[in-house]
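Only one structure is covered here, and it is reproduced in the block below.
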Amino acid sequence: MLVIPAIDLMGGEAVRLEKGDFATKKVYAKDPSEKAAEFRGAGATLLHVVDLDGARAGWPVNLDTVAKICRVKGIEVELGGGIRTLLDVEKVLALGVSYVVLGTAAVERLGLVEEACRKFPGRVRTGIDARDGEVKVAGWTAGTGLSAVEVARRVKAAGVSVVEYTDVGRDGMFTGVDAGGAARLQAEAGVEVIASGGVAGLGDVKACRLAGLAGVIVGKAIYEGRISLREAVQAAKG
Amino acid sequence: MENALREVGAKVVVTHEAEKVRRADRVVVPGQGSMPACAEAMRRSGVSDALLEAIRKGTPVLGICVGLQILFEEGEEGGGARGLGILPGRIAKLPAGQKLPHIGWSPLRATASAPPLFAPMDGAYAYFAHSYAAPASAPGVSLTTTHGVPYCAALARENLFAVQFHPEKSQKVGLALLERFVHV
């Protein structure tokens, strides 16, 4: 199983928010590419980058920073946040991003997901952000009335094979990851699931591995020193 | 349009040549006819690719009326139109029950994200002439107006700007906008 460290970008810096609330911003690195190199050194092979400014604007914003992160050798980058047209998918993949994560688009515009999967097979993932089982979009500010399983089934039919499931209520809160919910999603929708949100310690990483998940995204727990990325990568190997 | 831009001090070249679009300091896309016809003509002449390049390299671009609509992915005019796909979403017909086309003056309301180009137009009236519009929820919407439903009157995405109304027919308010655009 992959342990995937997260970098959230705002104004070119690596930041973290609590429960997706833009008012709770805390800066962890002025130069996010240095963090990327540090994470690679700890054994991570994939980096989860979220363009928070992009999520809010509706198009990718921190492109220079993303390009700089992509130039760090030996670690792949998946990018989400504000990618809502095929042109934007092409643009960020051209920067060196390995996988795009479509969030809002996966719910509102399945046609785009289909088209992107056709054009860039294996490189399109969808983020499914849910609170109390209901899928949230647009920087977690709007509800959809759709269940996570329903959205996962739809994107699978559109050609997506990896879904990233975030429990918005747990993100940045150290309440423990929803490994059970992620595993149910994986079983019921028949897609690979990467869990994120709420990871507090190595126990969460082990729980995700035992639940048979494809990976787990770890953010604040690393930045706040609650978890050692190196140990987490080891724990994921079993 | 040409006269209005000259009026505010711009040196104007009217062209459908891709090369001239690539070299321009600023680009205005007035949009001719229907969305399908306009998008198709721009693709055929290579102007759409030149426009995409210009936007990508940071040239200030202003789309007007159909010049706004073609920036989106698709439209329902004339049985369906494929736009340039720079902005996500669909250009839809204004709701039935309203007089169409909508020709006349409507008040503008600025959104919280309106850039300096559009923010001063909050509360002003602008001149519209259209039956199709972009949704008020489109990313980057800076001004909205209402004709049956609220819809996008102006939007901004970095160096890309577009308006559904006609600045060249919106008198002082319109000329002031063009003047700001010429100095962006």
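Letters for chains follow the order of the structure tokens (A, B, ...), residue numbers begin at 1 for each chain, and ligand numbers begin at 1 in the order shown.
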Counting only C-alpha atoms, which residues of chain B sit at most 9 Å from some atom of chain A, and what is each one's closest atom pair with its distance in Å to one decimal, listed by chain and rising residue number, as CSV?
```
residue,atom,partner,partner_atom,distance
B:Glu73,CA,A:Thr85,CA,7.9
B:Gly85,CA,A:Thr85,CA,6.7
B:Ile86,CA,A:Leu87,CA,6.4
B:Leu87,CA,A:Thr85,CA,6.6
B:Pro88,CA,A:Thr85,CA,5.5
B:Gly89,CA,A:Arg109,CA,8.6
B:Ser113,CA,A:Ala57,CA,8.8
B:Ala138,CA,A:Gly58,CA,8.2
B:Pro139,CA,A:Gly58,CA,5.0
B:Gly140,CA,A:Ala57,CA,6.5
B:Arg157,CA,A:Trp59,CA,8.2
```
Could you pull out the residues in chain B that DSSP calls alpha helix (DSSP H) from the backbone, as a PDB file with C-alpha atoms, in the first residue's frame?
```pdb
ATOM      1  CA  GLU B   2     -13.554  49.337 -33.821  1.00  0.00           C
ATOM      2  CA  ASN B   3     -14.581  52.972 -33.368  1.00  0.00           C
ATOM      3  CA  ALA B   4     -15.164  52.562 -29.653  1.00  0.00           C
ATOM      4  CA  LEU B   5     -11.664  51.124 -29.174  1.00  0.00           C
ATOM      5  CA  ARG B   6     -10.115  53.939 -31.250  1.00  0.00           C
ATOM      6  CA  GLU B   7     -12.082  56.392 -29.130  1.00  0.00           C
ATOM      7  CA  ALA B  18      -4.024  33.760 -36.852  1.00  0.00           C
ATOM      8  CA  GLU B  19      -0.577  35.335 -37.169  1.00  0.00           C
ATOM      9  CA  LYS B  20      -1.860  38.821 -36.340  1.00  0.00           C
ATOM     10  CA  VAL B  21      -3.727  37.473 -33.318  1.00  0.00           C
ATOM     11  CA  ARG B  22      -0.521  35.831 -32.076  1.00  0.00           C
ATOM     12  CA  ARG B  23       1.422  39.085 -32.350  1.00  0.00           C
ATOM     13  CA  MET B  35     -22.056  30.491 -31.344  1.00  0.00           C
ATOM     14  CA  PRO B  36     -21.794  27.415 -33.636  1.00  0.00           C
ATOM     15  CA  ALA B  37     -20.950  29.486 -36.726  1.00  0.00           C
ATOM     16  CA  CYS B  38     -18.465  31.673 -34.866  1.00  0.00           C
ATOM     17  CA  ALA B  39     -16.642  28.776 -33.162  1.00  0.00           C
ATOM     18  CA  GLU B  40     -16.504  26.822 -36.426  1.00  0.00           C
ATOM     19  CA  ALA B  41     -15.152  29.803 -38.409  1.00  0.00           C
ATOM     20  CA  MET B  42     -12.477  30.426 -35.775  1.00  0.00           C
ATOM     21  CA  ARG B  43     -11.394  26.803 -35.811  1.00  0.00           C
ATOM     22  CA  ARG B  44     -11.267  26.729 -39.617  1.00  0.00           C
ATOM     23  CA  SER B  45      -9.163  29.868 -39.879  1.00  0.00           C
ATOM     24  CA  VAL B  47      -7.688  31.864 -35.101  1.00  0.00           C
ATOM     25  CA  SER B  48      -8.933  29.676 -32.225  1.00  0.00           C
ATOM     26  CA  ASP B  49      -5.474  28.109 -31.788  1.00  0.00           C
ATOM     27  CA  ALA B  50      -3.851  31.543 -31.995  1.00  0.00           C
ATOM     28  CA  LEU B  51      -6.275  32.808 -29.382  1.00  0.00           C
ATOM     29  CA  LEU B  52      -5.473  29.891 -27.049  1.00  0.00           C
ATOM     30  CA  GLU B  53      -1.760  30.620 -27.439  1.00  0.00           C
ATOM     31  CA  ALA B  54      -2.309  34.303 -26.735  1.00  0.00           C
ATOM     32  CA  ILE B  55      -4.276  33.499 -23.570  1.00  0.00           C
ATOM     33  CA  ARG B  56      -1.642  31.021 -22.451  1.00  0.00           C
ATOM     34  CA  VAL B  66     -20.656  35.512 -28.698  1.00  0.00           C
ATOM     35  CA  GLY B  67     -16.957  36.145 -28.008  1.00  0.00           C
ATOM     36  CA  LEU B  68     -17.744  35.219 -24.387  1.00  0.00           C
ATOM     37  CA  GLN B  69     -19.913  32.245 -25.294  1.00  0.00           C
ATOM     38  CA  GLN B 171     -22.235  54.482 -23.697  1.00  0.00           C
ATOM     39  CA  LYS B 172     -20.014  55.952 -20.944  1.00  0.00           C
ATOM     40  CA  VAL B 173     -19.987  52.801 -18.811  1.00  0.00           C
ATOM     41  CA  GLY B 174     -18.923  50.721 -21.802  1.00  0.00           C
ATOM     42  CA  LEU B 175     -16.261  53.140 -23.008  1.00  0.00           C
ATOM     43  CA  ALA B 176     -14.830  53.341 -19.486  1.00  0.00           C
ATOM     44  CA  LEU B 177     -14.557  49.537 -19.474  1.00  0.00           C
ATOM     45  CA  LEU B 178     -12.759  49.515 -22.823  1.00  0.00           C
ATOM     46  CA  GLU B 179     -10.442  52.235 -21.592  1.00  0.00           C
ATOM     47  CA  ARG B 180      -9.561  50.161 -18.520  1.00  0.00           C
ATOM     48  CA  PHE B 181      -9.004  47.120 -20.753  1.00  0.00           C
ATOM     49  CA  VAL B 182      -6.686  49.059 -23.061  1.00  0.00           C
TER      50      VAL B 182
END
```
Could you make a table, as CSV, of the residues of range 213-234 of chain A that have an atom within 12 Å of an atom of range 20-26 of chain A, each with its nearest atom pair and distance in Å to one decimal, counting only C-alpha atoms, in chain and number order?
```
residue,atom,partner,partner_atom,distance
A:Lys220,CA,A:Lys26,CA,10.1
A:Tyr223,CA,A:Lys26,CA,10.5
A:Glu224,CA,A:Lys26,CA,11.0
```
Export of prior selection with C-alpha atoms as a PDB file, in the first residue's frame:
```
ATOM      1  CA  LYS A 220      -1.063  17.358   8.879  1.00  0.00           C
ATOM      2  CA  TYR A 223       3.771  18.309   9.433  1.00  0.00           C
ATOM      3  CA  GLU A 224       2.900  18.310  13.139  1.00  0.00           C
TER       4      GLU A 224
END
```
Contacts of Val151 in chain A at 10 Å (only C-alpha atoms; same-chain gap of 5+ positions) as a PyMOL selection string: chain A and resi 106-107+110+126-128+134-135+146+156-157+163+189
Give me a file of those residues, with C-alpha atoms, as an mmCIF file, in the first residue's frame.
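File result_30.cif, as written:
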```cif
data_model
loop_
_atom_site.group_PDB
_atom_site.id
_atom_site.type_symbol
_atom_site.label_atom_id
_atom_site.label_comp_id
_atom_site.auth_asym_id
_atom_site.auth_seq_id
_atom_site.Cartn_x
_atom_site.Cartn_y
_atom_site.Cartn_z
ATOM 1 C CA ALA A 106 -16.522 14.015 -11.320
ATOM 2 C CA VAL A 107 -19.884 14.913 -9.874
ATOM 3 C CA LEU A 110 -19.079 13.132 -16.060
ATOM 4 C CA THR A 126 -11.292 11.357 -8.974
ATOM 5 C CA GLY A 127 -11.462 12.778 -5.521
ATOM 6 C CA ILE A 128 -14.635 12.026 -3.646
ATOM 7 C CA GLU A 134 -22.899 12.949 1.157
ATOM 8 C CA VAL A 135 -20.505 14.120 -1.551
ATOM 9 C CA LEU A 146 -25.227 12.087 -3.945
ATOM 10 C CA LYS A 156 -15.739 3.894 -12.706
ATOM 11 C CA ALA A 157 -18.119 3.586 -15.648
ATOM 12 C CA VAL A 163 -10.761 7.016 -6.352
ATOM 13 C CA ALA A 189 -18.096 0.378 -6.221
#
```
In range 38-233 of chain A, DSSP strand (DSSP E) residues written as a ChimeraX atom specification: /A:46-51,76-80,99-102,124-131,134-137,142-147,162-167,192-196,215-218
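The closest residue to Pro101 in chain B, picked from B:Asp25, B:Ala136, B:Phe128, B:Gly33 and counting only C-alpha atoms, is B:Phe128.
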